>>> print(open('data-v9.pdb').read())   # PDB, C-alpha atoms, pLDDT in the B column
ATOM      1  CA  MET A  10      98.882 102.186 115.706  1.00 43.00           C
ATOM      2  CA  THR A  11     102.462 102.105 114.431  1.00 49.00           C
ATOM      3  CA  ALA A  12     103.865 104.916 112.342  1.00 67.00           C
ATOM      4  CA  SER A  13     103.347 102.915 109.141  1.00 94.00           C
ATOM      5  CA  PHE A  14      99.927 101.402 109.875  1.00 96.00           C
ATOM      6  CA  HIS A  15      96.497 103.010 110.224  1.00 97.00           C
ATOM      7  CA  GLU A  16      93.918 101.054 112.232  1.00 97.00           C
ATOM      8  CA  VAL A  17      91.138 101.763 109.751  1.00 98.00           C
ATOM      9  CA  GLN A  18      89.235  99.298 107.580  1.00 98.00           C
ATOM     10  CA  PHE A  19      89.128  99.554 103.804  1.00 97.00           C
ATOM     11  CA  PRO A  20      85.507 100.225 102.704  1.00 95.00           C
ATOM     12  CA  SER A  21      83.854  96.815 103.032  1.00 95.00           C
ATOM     13  CA  ASN A  22      81.324  97.453 100.268  1.00 92.00           C
ATOM     14  CA  ILE A  23      84.242  97.790  97.822  1.00 91.00           C
ATOM     15  CA  SER A  24      86.235  94.873  99.218  1.00 94.00           C
ATOM     16  CA  TYR A  25      83.129  92.700  98.706  1.00 93.00           C
ATOM     17  CA  GLY A  26      83.829  92.637  94.967  1.00 87.00           C
ATOM     18  CA  ALA A  27      87.609  92.196  95.227  1.00 91.00           C
ATOM     19  CA  SER A  28      89.558  89.260  93.835  1.00 93.00           C
ATOM     20  CA  GLY A  29      92.564  87.575  95.414  1.00 95.00           C
ATOM     21  CA  GLY A  30      93.639  85.571  98.429  1.00 95.00           C
ATOM     22  CA  PRO A  31      96.638  83.925 100.121  1.00 95.00           C
ATOM     23  CA  GLY A  32      99.819  83.132  98.218  1.00 95.00           C
ATOM     24  CA  PHE A  33     103.171  81.469  98.804  1.00 94.00           C
ATOM     25  CA  ASN A  34     106.606  81.705  97.209  1.00 95.00           C
ATOM     26  CA  THR A  35     108.156  78.448  96.023  1.00 94.00           C
ATOM     27  CA  THR A  36     111.236  77.927  93.858  1.00 96.00           C
ATOM     28  CA  VAL A  37     110.943  74.869  91.598  1.00 95.00           C
ATOM     29  CA  LEU A  38     114.118  73.377  90.077  1.00 95.00           C
ATOM     30  CA  THR A  39     113.557  70.740  87.404  1.00 95.00           C
ATOM     31  CA  LEU A  40     116.443  68.273  87.307  1.00 93.00           C
ATOM     32  CA  ALA A  41     117.805  66.632  84.166  1.00 93.00           C
ATOM     33  CA  SER A  42     116.022  63.434  85.204  1.00 94.00           C
ATOM     34  CA  GLY A  43     112.674  65.213  85.165  1.00 93.00           C
ATOM     35  CA  PHE A  44     112.332  65.103  88.945  1.00 95.00           C
ATOM     36  CA  GLU A  45     111.727  68.364  90.777  1.00 95.00           C
ATOM     37  CA  ARG A  46     113.407  69.986  93.746  1.00 94.00           C
ATOM     38  CA  ARG A  47     111.085  72.463  95.471  1.00 94.00           C
ATOM     39  CA  ASN A  48     112.220  75.065  97.980  1.00 95.00           C
ATOM     40  CA  ILE A  49     109.694  76.824 100.229  1.00 92.00           C
ATOM     41  CA  ASN A  50     110.858  80.446 100.374  1.00 95.00           C
ATOM     42  CA  TRP A  51     107.985  81.686 102.563  1.00 92.00           C
ATOM     43  CA  SER A  52     106.816  79.702 105.552  1.00 90.00           C
ATOM     44  CA  LEU A  53     103.871  82.084 105.939  1.00 93.00           C
ATOM     45  CA  ALA A  54     101.273  83.002 103.336  1.00 94.00           C
ATOM     46  CA  ARG A  55     101.101  86.543 101.988  1.00 96.00           C
ATOM     47  CA  ALA A  56      97.772  87.576 100.500  1.00 97.00           C
ATOM     48  CA  GLN A  57      97.285  89.780  97.460  1.00 97.00           C
ATOM     49  CA  TYR A  58      94.068  91.389  96.230  1.00 97.00           C
ATOM     50  CA  ASP A  59      92.767  93.523  93.381  1.00 94.00           C
ATOM     51  CA  VAL A  60      89.933  95.833  94.428  1.00 91.00           C
ATOM     52  CA  ALA A  61      89.271  97.376  90.999  1.00 87.00           C
ATOM     53  CA  HIS A  62      86.336  95.064  90.302  1.00 83.00           C
ATOM     54  CA  GLY A  63      84.756  96.054  93.613  1.00 77.00           C
ATOM     55  CA  LEU A  64      84.044  99.559  92.352  1.00 77.00           C
ATOM     56  CA  LYS A  65      80.461  99.823  91.187  1.00 76.00           C
ATOM     57  CA  SER A  66      79.670 103.548  91.186  1.00 78.00           C
ATOM     58  CA  GLN A  67      81.105 107.047  91.061  1.00 79.00           C
ATOM     59  CA  ASP A  68      80.384 107.448  94.776  1.00 85.00           C
ATOM     60  CA  GLU A  69      82.498 104.379  95.563  1.00 86.00           C
ATOM     61  CA  LEU A  70      85.310 105.697  93.365  1.00 85.00           C
ATOM     62  CA  ASN A  71      85.202 108.981  95.289  1.00 88.00           C
ATOM     63  CA  VAL A  72      85.481 107.078  98.591  1.00 91.00           C
ATOM     64  CA  LEU A  73      88.389 105.031  97.235  1.00 91.00           C
ATOM     65  CA  ILE A  74      90.263 108.145  96.091  1.00 91.00           C
ATOM     66  CA  GLU A  75      89.874 109.716  99.551  1.00 95.00           C
ATOM     67  CA  PHE A  76      91.028 106.489 101.229  1.00 96.00           C
ATOM     68  CA  PHE A  77      94.000 106.141  98.871  1.00 96.00           C
ATOM     69  CA  VAL A  78      95.164 109.717  99.416  1.00 96.00           C
ATOM     70  CA  ALA A  79      94.808 109.382 103.202  1.00 97.00           C
ATOM     71  CA  ARG A  80      97.115 106.335 103.068  1.00 97.00           C
ATOM     72  CA  ARG A  81      99.601 108.204 100.841  1.00 96.00           C
ATOM     73  CA  GLY A  82      99.637 105.326  98.348  1.00 96.00           C
ATOM     74  CA  LYS A  83     101.995 102.585  99.580  1.00 96.00           C
ATOM     75  CA  ALA A  84     103.066 104.489 102.701  1.00 97.00           C
ATOM     76  CA  TYR A  85     100.524 103.333 105.295  1.00 98.00           C
ATOM     77  CA  GLY A  86      98.998  99.935 105.879  1.00 98.00           C
ATOM     78  CA  PHE A  87      95.364  99.395 106.798  1.00 98.00           C
ATOM     79  CA  ARG A  88      92.776  96.723 107.580  1.00 98.00           C
ATOM     80  CA  PHE A  89      91.068  94.782 104.782  1.00 98.00           C
ATOM     81  CA  LYS A  90      88.076  92.444 105.006  1.00 98.00           C
ATOM     82  CA  ASP A  91      88.641  89.321 102.919  1.00 97.00           C
ATOM     83  CA  TRP A  92      85.047  88.212 102.383  1.00 96.00           C
ATOM     84  CA  ALA A  93      86.227  84.710 101.493  1.00 96.00           C
ATOM     85  CA  ASP A  94      87.931  84.230 104.876  1.00 97.00           C
ATOM     86  CA  PHE A  95      87.164  86.609 107.749  1.00 98.00           C
ATOM     87  CA  GLN A  96      85.741  84.395 110.520  1.00 98.00           C
ATOM     88  CA  LEU A  97      87.226  82.228 113.251  1.00 97.00           C
ATOM     89  CA  PRO A  98      86.271  79.451 112.766  1.00 96.00           C
ATOM     90  CA  PHE A  99      84.861  78.794 109.298  1.00 93.00           C
ATOM     91  CA  LEU A 100      81.074  78.705 109.427  1.00 90.00           C
ATOM     92  CA  GLY A 101      79.969  75.310 110.702  1.00 90.00           C
ATOM     93  CA  ASP A 102      83.339  74.302 112.177  1.00 93.00           C
ATOM     94  CA  PRO A 103      83.732  73.659 115.928  1.00 94.00           C
ATOM     95  CA  THR A 104      84.853  76.486 118.206  1.00 96.00           C
ATOM     96  CA  PRO A 105      88.680  76.368 118.194  1.00 97.00           C
ATOM     97  CA  VAL A 106      90.653  75.790 121.412  1.00 97.00           C
ATOM     98  CA  MET A 107      93.197  78.513 122.194  1.00 98.00           C
ATOM     99  CA  MET A 108      94.713  77.155 125.412  1.00 98.00           C
ATOM    100  CA  THR A 109      94.219  75.067 128.546  1.00 98.00           C
ATOM    101  CA  THR A 110      94.689  76.972 131.796  1.00 98.00           C
ATOM    102  CA  ASP A 111      97.620  76.010 134.026  1.00 98.00           C
ATOM    103  CA  GLY A 112      97.173  78.471 136.894  1.00 97.00           C
ATOM    104  CA  THR A 113     100.019  80.656 135.599  1.00 97.00           C
ATOM    105  CA  THR A 114      99.678  81.560 131.919  1.00 97.00           C
ATOM    106  CA  ALA A 115      97.533  84.649 131.432  1.00 97.00           C
ATOM    107  CA  THR A 116      97.723  85.398 127.698  1.00 98.00           C
ATOM    108  CA  PHE A 117      97.189  83.695 124.359  1.00 98.00           C
ATOM    109  CA  GLN A 118      97.434  84.711 120.718  1.00 98.00           C
ATOM    110  CA  LEU A 119      94.321  84.366 118.594  1.00 98.00           C
ATOM    111  CA  ARG A 120      95.045  82.036 115.697  1.00 98.00           C
ATOM    112  CA  LYS A 121      93.303  80.034 113.013  1.00 97.00           C
ATOM    113  CA  VAL A 122      94.319  76.493 112.071  1.00 96.00           C
ATOM    114  CA  TYR A 123      93.679  75.318 108.508  1.00 95.00           C
ATOM    115  CA  GLN A 124      93.471  71.547 108.733  1.00 90.00           C
ATOM    116  CA  ASP A 125      93.857  69.160 105.825  1.00 88.00           C
ATOM    117  CA  THR A 126      94.395  65.405 105.775  1.00 85.00           C
ATOM    118  CA  GLY A 127      97.951  64.848 106.972  1.00 81.00           C
ATOM    119  CA  ASN A 128      98.856  68.528 107.242  1.00 90.00           C
ATOM    120  CA  SER A 129      97.863  71.812 108.865  1.00 92.00           C
ATOM    121  CA  TYR A 130      98.739  75.498 108.723  1.00 94.00           C
ATOM    122  CA  THR A 131      98.461  77.934 111.642  1.00 96.00           C
ATOM    123  CA  ARG A 132      97.705  81.582 110.930  1.00 97.00           C
ATOM    124  CA  THR A 133      98.231  84.328 113.514  1.00 97.00           C
ATOM    125  CA  LEU A 134      95.266  86.706 113.719  1.00 98.00           C
ATOM    126  CA  ASN A 135      96.407  90.251 114.493  1.00 96.00           C
ATOM    127  CA  LYS A 136      93.592  92.532 113.404  1.00 98.00           C
ATOM    128  CA  ILE A 137      90.406  91.572 115.280  1.00 98.00           C
ATOM    129  CA  VAL A 138      87.140  93.307 114.419  1.00 98.00           C
ATOM    130  CA  SER A 139      85.697  95.236 117.357  1.00 98.00           C
ATOM    131  CA  GLY A 140      82.599  93.716 118.943  1.00 98.00           C
ATOM    132  CA  THR A 141      83.052  90.252 117.394  1.00 98.00           C
ATOM    133  CA  LEU A 142      85.350  88.507 119.885  1.00 98.00           C
ATOM    134  CA  THR A 143      83.768  85.931 122.199  1.00 98.00           C
ATOM    135  CA  VAL A 144      85.804  83.881 124.690  1.00 98.00           C
ATOM    136  CA  TYR A 145      84.597  80.598 126.203  1.00 98.00           C
ATOM    137  CA  ASN A 146      85.664  78.913 129.441  1.00 98.00           C
ATOM    138  CA  ASN A 147      84.888  75.189 129.270  1.00 98.00           C
ATOM    139  CA  GLY A 148      82.286  75.942 126.604  1.00 97.00           C
ATOM    140  CA  ALA A 149      80.518  78.743 128.518  1.00 98.00           C
ATOM    141  CA  VAL A 150      80.793  82.390 127.491  1.00 98.00           C
ATOM    142  CA  THR A 151      83.035  84.351 129.855  1.00 98.00           C
ATOM    143  CA  THR A 152      83.749  88.058 130.207  1.00 98.00           C
ATOM    144  CA  ASP A 153      86.792  87.568 132.431  1.00 98.00           C
ATOM    145  CA  TRP A 154      89.304  88.772 129.844  1.00 98.00           C
ATOM    146  CA  THR A 155      90.663  91.773 127.974  1.00 98.00           C
ATOM    147  CA  ALA A 156      92.067  91.895 124.449  1.00 98.00           C
ATOM    148  CA  ASP A 157      94.268  94.038 122.239  1.00 98.00           C
ATOM    149  CA  LEU A 158      92.310  94.068 118.977  1.00 98.00           C
ATOM    150  CA  ASN A 159      95.340  95.391 117.087  1.00 97.00           C
ATOM    151  CA  THR A 160      97.584  92.455 118.011  1.00 97.00           C
ATOM    152  CA  GLY A 161      95.121  89.633 118.658  1.00 98.00           C
ATOM    153  CA  ILE A 162      96.501  88.962 122.148  1.00 98.00           C
ATOM    154  CA  VAL A 163      93.915  88.049 124.793  1.00 98.00           C
ATOM    155  CA  THR A 164      94.659  88.377 128.524  1.00 98.00           C
ATOM    156  CA  LEU A 165      92.638  86.279 130.947  1.00 98.00           C
ATOM    157  CA  GLY A 166      91.239  87.843 134.105  1.00 98.00           C
ATOM    158  CA  SER A 167      92.636  86.809 137.489  1.00 97.00           C
ATOM    159  CA  THR A 168      89.796  84.384 138.248  1.00 97.00           C
ATOM    160  CA  THR A 169      90.148  82.418 135.018  1.00 98.00           C
ATOM    161  CA  LYS A 170      93.938  82.592 135.078  1.00 97.00           C
ATOM    162  CA  ALA A 171      93.959  80.931 138.507  1.00 97.00           C
ATOM    163  CA  THR A 172      92.163  77.819 137.224  1.00 97.00           C
ATOM    164  CA  THR A 173      93.854  74.685 135.929  1.00 98.00           C
ATOM    165  CA  GLY A 174      92.664  72.360 133.203  1.00 98.00           C
ATOM    166  CA  HIS A 175      90.004  74.719 131.848  1.00 98.00           C
ATOM    167  CA  VAL A 176      89.663  74.740 128.066  1.00 98.00           C
ATOM    168  CA  ILE A 177      89.674  78.289 126.675  1.00 98.00           C
ATOM    169  CA  SER A 178      88.306  78.781 123.172  1.00 98.00           C
ATOM    170  CA  ALA A 179      87.328  81.791 121.084  1.00 98.00           C
ATOM    171  CA  THR A 180      85.427  83.023 118.039  1.00 98.00           C
ATOM    172  CA  CYS A 181      85.795  86.333 116.199  1.00 98.00           C
ATOM    173  CA  GLU A 182      85.967  88.167 112.904  1.00 98.00           C
ATOM    174  CA  PHE A 183      89.321  89.448 111.680  1.00 98.00           C
ATOM    175  CA  ASP A 184      90.857  91.701 109.035  1.00 98.00           C
ATOM    176  CA  VAL A 185      93.996  91.282 106.934  1.00 98.00           C
ATOM    177  CA  PRO A 186      96.734  93.927 107.355  1.00 98.00           C
ATOM    178  CA  VAL A 187      97.520  95.225 103.855  1.00 98.00           C
ATOM    179  CA  ARG A 188      98.799  98.245 101.935  1.00 98.00           C
ATOM    180  CA  PHE A 189      98.284  99.571  98.440  1.00 97.00           C
ATOM    181  CA  ASP A 190     100.897  98.186  96.055  1.00 96.00           C
ATOM    182  CA  ILE A 191     100.758 101.313  93.876  1.00 95.00           C
ATOM    183  CA  ASP A 192     101.614 104.954  94.444  1.00 95.00           C
ATOM    184  CA  GLU A 193      99.440 106.218  91.590  1.00 92.00           C
ATOM    185  CA  LEU A 194      95.680 105.681  91.368  1.00 87.00           C
ATOM    186  CA  LYS A 195      94.844 105.960  87.684  1.00 80.00           C
ATOM    187  CA  ALA A 196      91.241 106.420  86.576  1.00 72.00           C
ATOM    188  CA  SER A 197      89.984 107.729  83.258  1.00 66.00           C
ATOM    189  CA  ILE A 198      86.688 109.100  81.950  1.00 63.00           C
ATOM    190  CA  THR A 199      85.546 107.082  78.927  1.00 63.00           C
ATOM    191  CA  ASP A 200      82.224 108.905  78.554  1.00 60.00           C
ATOM    192  CA  TYR A 201      80.106 111.319  80.579  1.00 60.00           C
ATOM    193  CA  GLY A 202      79.581 109.662  83.959  1.00 58.00           C
ATOM    194  CA  ILE A 203      81.444 106.501  82.884  1.00 57.00           C
ATOM    195  CA  PHE A 204      84.823 105.830  84.459  1.00 63.00           C
ATOM    196  CA  ALA A 205      87.471 103.183  83.896  1.00 61.00           C
ATOM    197  CA  TRP A 206      90.502 102.088  85.902  1.00 72.00           C
ATOM    198  CA  GLY A 207      93.156  99.421  85.770  1.00 76.00           C
ATOM    199  CA  GLN A 208      94.270  97.140  88.546  1.00 87.00           C
ATOM    200  CA  ILE A 209      94.224  98.478  92.111  1.00 91.00           C
ATOM    201  CA  PRO A 210      96.441  95.949  93.914  1.00 95.00           C
ATOM    202  CA  LEU A 211      96.752  95.406  97.664  1.00 97.00           C
ATOM    203  CA  ILE A 212      99.372  93.251  99.346  1.00 98.00           C
ATOM    204  CA  GLU A 213      99.486  91.825 102.865  1.00 98.00           C
ATOM    205  CA  VAL A 214     102.038  93.292 105.270  1.00 97.00           C
ATOM    206  CA  ARG A 215     103.746  91.626 108.213  1.00 92.00           C
ATOM    207  CA  VAL A 216     102.825  93.249 111.536  1.00 90.00           C
TER
END
>>> encode(input="data-v9.pdb", output="structure tokens")
Amino acid sequence: MTASFHEVQFPSNISYGASGGPGFNTTVLTLASGFERRNINWSLARAQYDVAHGLKSQDELNVLIEFFVARRGKAYGFRFKDWADFQLPFLGDPTPVMMTTDGTTATFQLRKVYQDTGNSYTRTLNKIVSGTLTVYNNGAVTTDWTADLNTGIVTLGSTTKATTGHVISATCEFDVPVRFDIDELKASITDYGIFAWGQIPLIEVRV
């Protein structure tokens, strides 16, 4: 855990009702001819979410207030489950290949490839959910590895590392590293036992 990141997950029952997802930053310049010149400012996506709609009860609001205060508003990042995209691979897709052993390389970074016709995007997975990571050696489950669940780096054991030409693949669940994008959590009482609140934005952080 770094000084500005807490390895705790945002309450998943609240994140279940959140809205949001990945975003990019692109500058579009329209020329006099009507043609466009587009500049990609971010090579990597940066997700944003609003968790206000995930609150469904006073108890959940109480939990959110405690979580918000513990993070000191924007000060500390934390893990967030994006229910729209939290599995490697997507359900029904083949198990993704991470590396092929060469007798020397011992580590690999967990990653997810989003493949479209004629293009692809590779996402580094840093925040792996405990108990969900499975590693395969030539299609068979292996336990000859260790992993840092806070960085997504897997280290092969000596036996597997010594092989050559073995296909190593992996499946897991992962979180998104985020922080609150507000320093004030504003809620109001509209009637006895009825509460209201505005947006509660989260934004992805680079780790």
>>> atom_distance(input="data-v9.pdb", atom1="atom CA of Ser178 of chain A", atom2="atom CA of Val150 of chain A")
9.4 Å
>>> atom_distance(input="data-v9.pdb", atom1="atom CA of Thr169 of chain A", atom2="atom CA of Phe117 of chain A")
12.8 Å
>>> resolve_selection(input="data-v9.pdb", expression="the PyMOL selection byres ((chain A and resi 76) around 12)", output="number ranges by chain")
A: 15, 17-20, 23, 69-75, 77-83, 85-88, 188-189, 194
>>> residues_around(input="data-v9.pdb", residues="Asp157 of chain A", least_positions_apart="4", cutoff="10 Å", atoms="only C-alpha atoms", output="list in words")
Gln118, Asn135, Lys136, Ile137, Ser139, Gly161, Ile162, Val163 and Thr164 of chain A
>>> residues_around(input="data-v9.pdb", residues="Asp59 of chain A", least_positions_apart="2", cutoff="9 Å", atoms="all atoms listed in the file", output="PyMOL selection string")
chain A and resi 24+27-29+57+61-63+208-212
>>> residues_around(input="data-v9.pdb", residues="Phe95 of chain A", least_positions_apart="4", cutoff="6 Å", atoms="all atoms listed in the file", output="PyMOL selection string")
chain A and resi 91+182-183
>>> closest_residue(input="data-v9.pdb", among="A:Leu64, A:Leu53, A:Leu100, A:Leu119", to="Ala179 of chain A", atoms="only C-alpha atoms")
A:Leu119
>>> closest_residue(input="data-v9.pdb", among="A:Thr180, A:Thr39, A:Ser167, A:Thr126", to="Thr143 of chain A", atoms="only C-alpha atoms")
A:Thr180
>>> residues_near_point(input="data-v9.pdb", point="(90.3, 76.0, 135.3)", cutoff="10 Å", atoms="all atoms listed in the file", output="list in words")
Thr109, Thr110, Asp111, Gly112, Asn146, Asn147, Thr168, Thr169, Lys170, Ala171, Thr172, Thr173, Gly174, His175, Val176 and Ile177 of chain A
>>> axis_aligned_box(input="data-v9.pdb", around="segment 132-147 of chain A", padding_each_side="4 Å", output="lines of an AutoDock Vina configuration file")
center_x = 90.4
center_y = 85.2
center_z = 120.2
size_x = 23.6
size_y = 28.0
size_z = 26.5
>>> residues_near_point(input="data-v9.pdb", point="(85.5, 76.7, 113.4)", cutoff="12 Å", atoms="all atoms listed in the file", output="JSON, numbers by chain")
{"A": [94, 95, 96, 97, 98, 99, 100, 101, 102, 103, 104, 105, 106, 107, 120, 121, 122, 123, 124, 178, 179, 180, 181, 182]}
>>> closest_residue(input="data-v9.pdb", among="A:Ala149, A:Leu142, A:Val37, A:Leu134", to="Asn50 of chain A", atoms="all atoms listed in the file")
A:Val37
>>> build_atoms(input="data-v9.pdb", residues="segment 59-78 of chain A", atoms="N, CA and C atoms", output="PDB file, in the frame of the given file")
ATOM      1  N   ASP A  59      93.021  92.457  94.348  1.00 94.00           N
ATOM      2  CA  ASP A  59      92.767  93.523  93.381  1.00 94.00           C
ATOM      3  C   ASP A  59      91.356  94.023  93.642  1.00 94.00           C
ATOM      4  N   VAL A  60      91.240  95.293  94.038  1.00 91.00           N
ATOM      5  CA  VAL A  60      89.933  95.833  94.428  1.00 91.00           C
ATOM      6  C   VAL A  60      89.254  96.592  93.296  1.00 91.00           C
ATOM      7  N   ALA A  61      89.848  96.603  92.102  1.00 87.00           N
ATOM      8  CA  ALA A  61      89.271  97.376  90.999  1.00 87.00           C
ATOM      9  C   ALA A  61      87.866  96.905  90.660  1.00 87.00           C
ATOM     10  N   HIS A  62      87.645  95.594  90.680  1.00 83.00           N
ATOM     11  CA  HIS A  62      86.336  95.064  90.302  1.00 83.00           C
ATOM     12  C   HIS A  62      85.276  95.308  91.378  1.00 83.00           C
ATOM     13  N   GLY A  63      85.716  95.758  92.558  1.00 77.00           N
ATOM     14  CA  GLY A  63      84.756  96.054  93.613  1.00 77.00           C
ATOM     15  C   GLY A  63      84.079  97.403  93.449  1.00 77.00           C
ATOM     16  N   LEU A  64      84.626  98.232  92.574  1.00 77.00           N
ATOM     17  CA  LEU A  64      84.044  99.559  92.352  1.00 77.00           C
ATOM     18  C   LEU A  64      82.824  99.451  91.448  1.00 77.00           C
ATOM     19  N   LYS A  65      81.712  99.976  91.925  1.00 76.00           N
ATOM     20  CA  LYS A  65      80.461  99.823  91.187  1.00 76.00           C
ATOM     21  C   LYS A  65      79.766 101.151  90.898  1.00 76.00           C
ATOM     22  N   SER A  66      80.324 102.258  91.387  1.00 78.00           N
ATOM     23  CA  SER A  66      79.670 103.548  91.186  1.00 78.00           C
ATOM     24  C   SER A  66      80.677 104.679  91.339  1.00 78.00           C
ATOM     25  N   GLN A  67      80.275 105.860  90.896  1.00 79.00           N
ATOM     26  CA  GLN A  67      81.105 107.047  91.061  1.00 79.00           C
ATOM     27  C   GLN A  67      81.308 107.367  92.537  1.00 79.00           C
ATOM     28  N   ASP A  68      80.265 107.181  93.344  1.00 85.00           N
ATOM     29  CA  ASP A  68      80.384 107.448  94.776  1.00 85.00           C
ATOM     30  C   ASP A  68      81.452 106.563  95.404  1.00 85.00           C
ATOM     31  N   GLU A  69      81.491 105.287  95.015  1.00 86.00           N
ATOM     32  CA  GLU A  69      82.498 104.379  95.563  1.00 86.00           C
ATOM     33  C   GLU A  69      83.896 104.770  95.099  1.00 86.00           C
ATOM     34  N   LEU A  70      84.010 105.236  93.851  1.00 85.00           N
ATOM     35  CA  LEU A  70      85.310 105.697  93.365  1.00 85.00           C
ATOM     36  C   LEU A  70      85.766 106.908  94.169  1.00 85.00           C
ATOM     37  N   ASN A  71      84.853 107.817  94.474  1.00 88.00           N
ATOM     38  CA  ASN A  71      85.202 108.981  95.289  1.00 88.00           C
ATOM     39  C   ASN A  71      85.733 108.560  96.657  1.00 88.00           C
ATOM     40  N   VAL A  72      85.051 107.578  97.281  1.00 91.00           N
ATOM     41  CA  VAL A  72      85.481 107.078  98.591  1.00 91.00           C
ATOM     42  C   VAL A  72      86.864 106.449  98.482  1.00 91.00           C
ATOM     43  N   LEU A  73      87.090 105.678  97.423  1.00 91.00           N
ATOM     44  CA  LEU A  73      88.389 105.031  97.235  1.00 91.00           C
ATOM     45  C   LEU A  73      89.502 106.062  97.062  1.00 91.00           C
ATOM     46  N   ILE A  74      89.255 107.109  96.288  1.00 91.00           N
ATOM     47  CA  ILE A  74      90.263 108.145  96.091  1.00 91.00           C
ATOM     48  C   ILE A  74      90.625 108.796  97.421  1.00 91.00           C
ATOM     49  N   GLU A  75      89.618 109.109  98.240  1.00 95.00           N
ATOM     50  CA  GLU A  75      89.874 109.716  99.551  1.00 95.00           C
ATOM     51  C   GLU A  75      90.676 108.762 100.436  1.00 95.00           C
ATOM     52  N   PHE A  76      90.328 107.480 100.410  1.00 96.00           N
ATOM     53  CA  PHE A  76      91.028 106.489 101.229  1.00 96.00           C
ATOM     54  C   PHE A  76      92.475 106.338 100.764  1.00 96.00           C
ATOM     55  N   PHE A  77      92.667 106.290  99.448  1.00 96.00           N
ATOM     56  CA  PHE A  77      94.000 106.141  98.871  1.00 96.00           C
ATOM     57  C   PHE A  77      94.901 107.323  99.237  1.00 96.00           C
ATOM     58  N   VAL A  78      94.381 108.524  99.101  1.00 96.00           N
ATOM     59  CA  VAL A  78      95.164 109.717  99.416  1.00 96.00           C
ATOM     60  C   VAL A  78      95.511 109.762 100.901  1.00 96.00           C
TER      61      VAL A  78
END
